[in-house]
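Asker: My structure is below; once you've seen it, I'll send some questions.
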Amino acid sequence: MSELHTKTLSQMLQDLDNKVYSSVELTQHYLDRIERLDPSINSYITVLRDAALSRAASMDTARSKGSHSPLAGIPIAHKDIICTEGVRTSAGSRMLDNFIAPYNATLVEQLNKAGVVTLGKTNMDEFAMGSSNENSYYGPVHNPWQRDRVPGGSSGGSAASMAARLCAGATGTDTGGSIRQPAAFCGITGLKPTYGRVSRWGVIAYASSLDQAGPMAQTAEDTAHLLQAMAGFDPRDSTSINQPVPNYLAQINAPVAGLRIGLCQEYFDAGLDDNIRAAVMTAAKTLESMGAILSEVSLPNTQQAIPAYYVIAPAECSSNLSRYDGVRFGYRCANPESIEDLYKRSRSEGFGREVKSRIMVGTFALSAGYYEAYYRKAQQIRRLISADFTRAFEQVDYILGPTTPSTAFKLGEKLDDQVAMYLQDIYTISVNLAGLPAISLPAGQSQGLPIGLQLIGRHLDEGGLLKVAHNFQQASDWHLRRPDDNQ
């Protein structure tokens with residue numbers, strides 16, 4: 001039983017079906033690993049030991065009766081920005097340290113219906129604002145590959161727990177790369193679905209026109225299992241897409257021969273690490289050997305993505321976070337002298353530095369006299385970026401490139417250089433601005449740290465992305481490698 005965590009989610013499902021072990025045994029194995037290994041990683045904020053074992057027992061009972069859900073008994077973790085009924089949902093912030101969610105997010109409902117066991121809630125950058133997971137009220141998450149490195153952000157807790165095999169799968173949210181960038185840094189597979197494919201109801205908002213929840217797992221096949229349960233129309237979410245959800249697993253083994261894959265020339269600029277460039281090109285050649293057709297495409301407005309994003313996202317965050325006032329729920333300062341003092345001190349004490357910085361930037365961008373110069377201009381750039389993708393997808397089926405310009409950097413290395421931190425998302429942000437799906441998967445290593453490959457698809461073509469990723473993973477073993485955890 002000591003090797004259970006080395007199996008993929010898909011293998012676990014087969015083993016549970018074949019009664020090789022029970023969900024209780026599997027869940028207990030992960031809980032023991034969390035207790036032993038997570039103190040040096042800090043990937044979990046809350047661990048639900050008793051609830052997880054109780055749920056696992058009920059899934060074993062369901063399996064013994066012969067009628068069970070597709071993911072019955074699989075232990076997963078949720079990013080702590082996703083509401084889970086009766087459990088603290090902190091968004092990594094002091095502001096919500098005492099908030100117990102009174103309901104489940106839609107995606108939690110969907111996964112619960114599918115039979116998952118929730119191990120706990122994972123650490124994250126406060127309110128999903130960050131690229132390193134150093135902005136959490138609960139302290140930074142450490143990369144399991146090298147403990148002095150960041151895991152990426154904002155879904156760094158989910159990525160690190162997955163990489164250290166402290167869960168079989170995890171949920172994350174992606175506003176500008178927050179699933180894909182930590183997936184790349186931690187050597188796992190992470191999918192950012194089309195905007196609206198997975199309901200945002202019950203996911204604490206950062207930037208409402210950009211936020212998208214998605215799955216993180218060891219392999220593309222595992223990711224497909226999770227997405228199958230998560231995706232679907234939700235009438236409670238006004239941005240939810242009312243389109244049927246295809247069977248992602250049914251098409252995952254289809255060949256890639258004849259598919260046109262474009263290499264985005266702007267993604268291979270001077271800022272890209274040479275080892276990452278080489279790994280991505282090797283991956284492209286692997287797909288070409290399977291019959292894919294490679295060509296170059298251009299996304300000329302790529303360089304404008306970061307300035308546009310860092311106007312739009314803070315503007316939306318300043319609006320979304322205005323509800324945290326110390327009155328209705330969340331952190332409240334002690335002994336306020338007046339209602340104005342209550343507002344000021346609750347917000348200044350409850351929010352961290354990065355959140356306060358983005359609120360101020362966003363409020364400025366929306367203020368009278370500056371709205372036209374900043375917010376409207378950023379939205380115009382957003383439309384140009386979307387048009388770039390539309391033109392590119394007239395020539396190719398998928399766009400391939402690196403997920404990040406470098407491998408995981410050291411903790412504290414970029415904390416005082418916001419521009420350098422923001423540039424970590426240079427290859428991922430455009431996808432959110434255009435609302436497209438994209439996946440990051442392991443494609444190499446550099447000095448013992450994982451390298452991520454990004455594939456971008458057309459709207460609602462998650463199935464195609466998973467197919468290409470799965471084909472690549474059948475021809476490589478980067479996704480099977482894991483940190484040395486002295487097991």
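Ordering of the structure tokens sets the chain letters (A, B, ...), residue numbers begin anew at 1 in every chain, and ligands are numbered from 1 in the order given.
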Which polymer residues have any atom within 8 Å of an atom of A:Tyr309, counting only C-alpha atoms, with same-chain residues fewer than 5 positions away left out, as a PyMOL selection string?
Answerer: chain A and resi 176+378+429+433
Asker: Can you write out the residues you just picked, keeping C-alpha atoms, as a compact mmCIF listing (two decimals), in the first residue's frame?
Answerer:
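Now in again25.txt:
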```txt
# COMPACT_ATOMS: atom_id res chain seq x y z
CA GLY A 176 -4.23 35.03 -15.97
CA ALA A 378 -7.24 48.04 -22.14
CA ILE A 429 -2.55 35.99 -19.93
CA LEU A 433 -8.29 37.87 -22.24
```
Asker: Write out as a PDB file with C-alpha atoms, in the first residue's frame each polymer residue whose atoms come within 6 Å of A:Val396, counting only C-alpha atoms; drop sequence neighbours fewer than 4 positions from it.
Answerer:
```
ATOM      1  CA  ARG A 260      -2.177  21.632 -37.729  1.00  0.00           C
ATOM      2  CA  ILE A 261      -0.142  22.902 -34.780  1.00  0.00           C
ATOM      3  CA  GLY A 262       1.182  26.443 -34.844  1.00  0.00           C
TER       4      GLY A 262
END
```
Asker: Using only C-alpha atoms, which of A:Ala168, A:Ile76, A:Ile359, A:Leu453 sits nearest A:Ala278?
Answerer: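 Under the stated criterion, the closest residue is A:Leu453.
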Asker: Out of stretch 55-197 of chain A, which residues get alpha helix (DSSP H) from DSSP, as a ChimeraX atom specification?
Answerer: /A:55-64,106-114,156-163,180-186
Asker: Quick one, how far is atom CA of A:Asp17 from atom CA of A:Leu48?
Answerer: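 That distance, rounded to one decimal, is 24.7 Å.
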Asker: Have a look at atom CA of A:Ala279 and atom CA of A:Ala408 and let me know their distance in Å, one decimal.
Answerer: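 Calculated distance between atom CA of A:Ala279 and atom CA of A:Ala408 is 15.4 Å.
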Asker: Determine, using only C-alpha atoms, which residues of stretch 168-219 of chain A have any atom at most 9 Å from an atom of stretch 98-112 of chain A, and tabulate each with its shortest atom pair and distance in Å to one decimal place, rows ordered by chain and then rising number, as CSV.
Answerer:
```
residue,atom,partner,partner_atom,distance
A:Val198,CA,A:Leu107,CA,7.1
A:Ser199,CA,A:Thr106,CA,6.3
A:Arg200,CA,A:Thr106,CA,7.5
A:Trp201,CA,A:Ala105,CA,5.7
A:Gly202,CA,A:Ala105,CA,3.8
A:Val203,CA,A:Ala105,CA,6.2
A:Ala213,CA,A:Leu107,CA,8.4
```
Asker: I need the residues from that last selection saved to file as an mmCIF file, in the first residue's frame (with N, CA and C atoms), if you can.
Answerer:
```cif
data_model
loop_
_atom_site.group_PDB
_atom_site.id
_atom_site.type_symbol
_atom_site.label_atom_id
_atom_site.label_comp_id
_atom_site.auth_asym_id
_atom_site.auth_seq_id
_atom_site.Cartn_x
_atom_site.Cartn_y
_atom_site.Cartn_z
ATOM 1 N N VAL A 198 -16.951 25.892 -17.098
ATOM 2 C CA VAL A 198 -17.147 25.434 -15.716
ATOM 3 C C VAL A 198 -17.742 26.597 -14.929
ATOM 4 N N SER A 199 -18.801 26.338 -14.207
ATOM 5 C CA SER A 199 -19.513 27.396 -13.499
ATOM 6 C C SER A 199 -18.619 28.117 -12.497
ATOM 7 N N ARG A 200 -18.795 29.444 -12.421
ATOM 8 C CA ARG A 200 -18.081 30.253 -11.430
ATOM 9 C C ARG A 200 -18.934 30.489 -10.187
ATOM 10 N N TRP A 201 -20.155 29.958 -10.139
ATOM 11 C CA TRP A 201 -21.025 30.180 -8.982
ATOM 12 C C TRP A 201 -20.417 29.503 -7.761
ATOM 13 N N GLY A 202 -20.191 30.293 -6.721
ATOM 14 C CA GLY A 202 -19.568 29.764 -5.514
ATOM 15 C C GLY A 202 -18.057 29.828 -5.512
ATOM 16 N N VAL A 203 -17.474 30.393 -6.574
ATOM 17 C CA VAL A 203 -16.030 30.637 -6.615
ATOM 18 C C VAL A 203 -15.824 32.117 -6.295
ATOM 19 N N ALA A 213 -12.462 28.320 -13.322
ATOM 20 C CA ALA A 213 -12.004 27.154 -12.565
ATOM 21 C C ALA A 213 -11.680 26.011 -13.515
#
```
Asker: Just want the 8 Å neighbourhood of stretch 23-26 of chain A, counted on only C-alpha atoms, with same-chain residues fewer than 3 positions away dropped. Output as an NGL selection string.
Answerer: :A and (4 or 16 or 29-30 or 53 or 56-57 or 59-60 or 73-75)
Asker: Got a sec: who's within 7 Å of stretch 217-221 of chain A, counting only C-alpha atoms, leaving out chain neighbours fewer than 3 positions off, as a list in words?
Answerer: Thr8, Met162, Ala168, Gly169, Ala170, Ile188, Thr189, Gly190, Ala224, His225, Leu466, Ala469, His470 and His479 of chain A
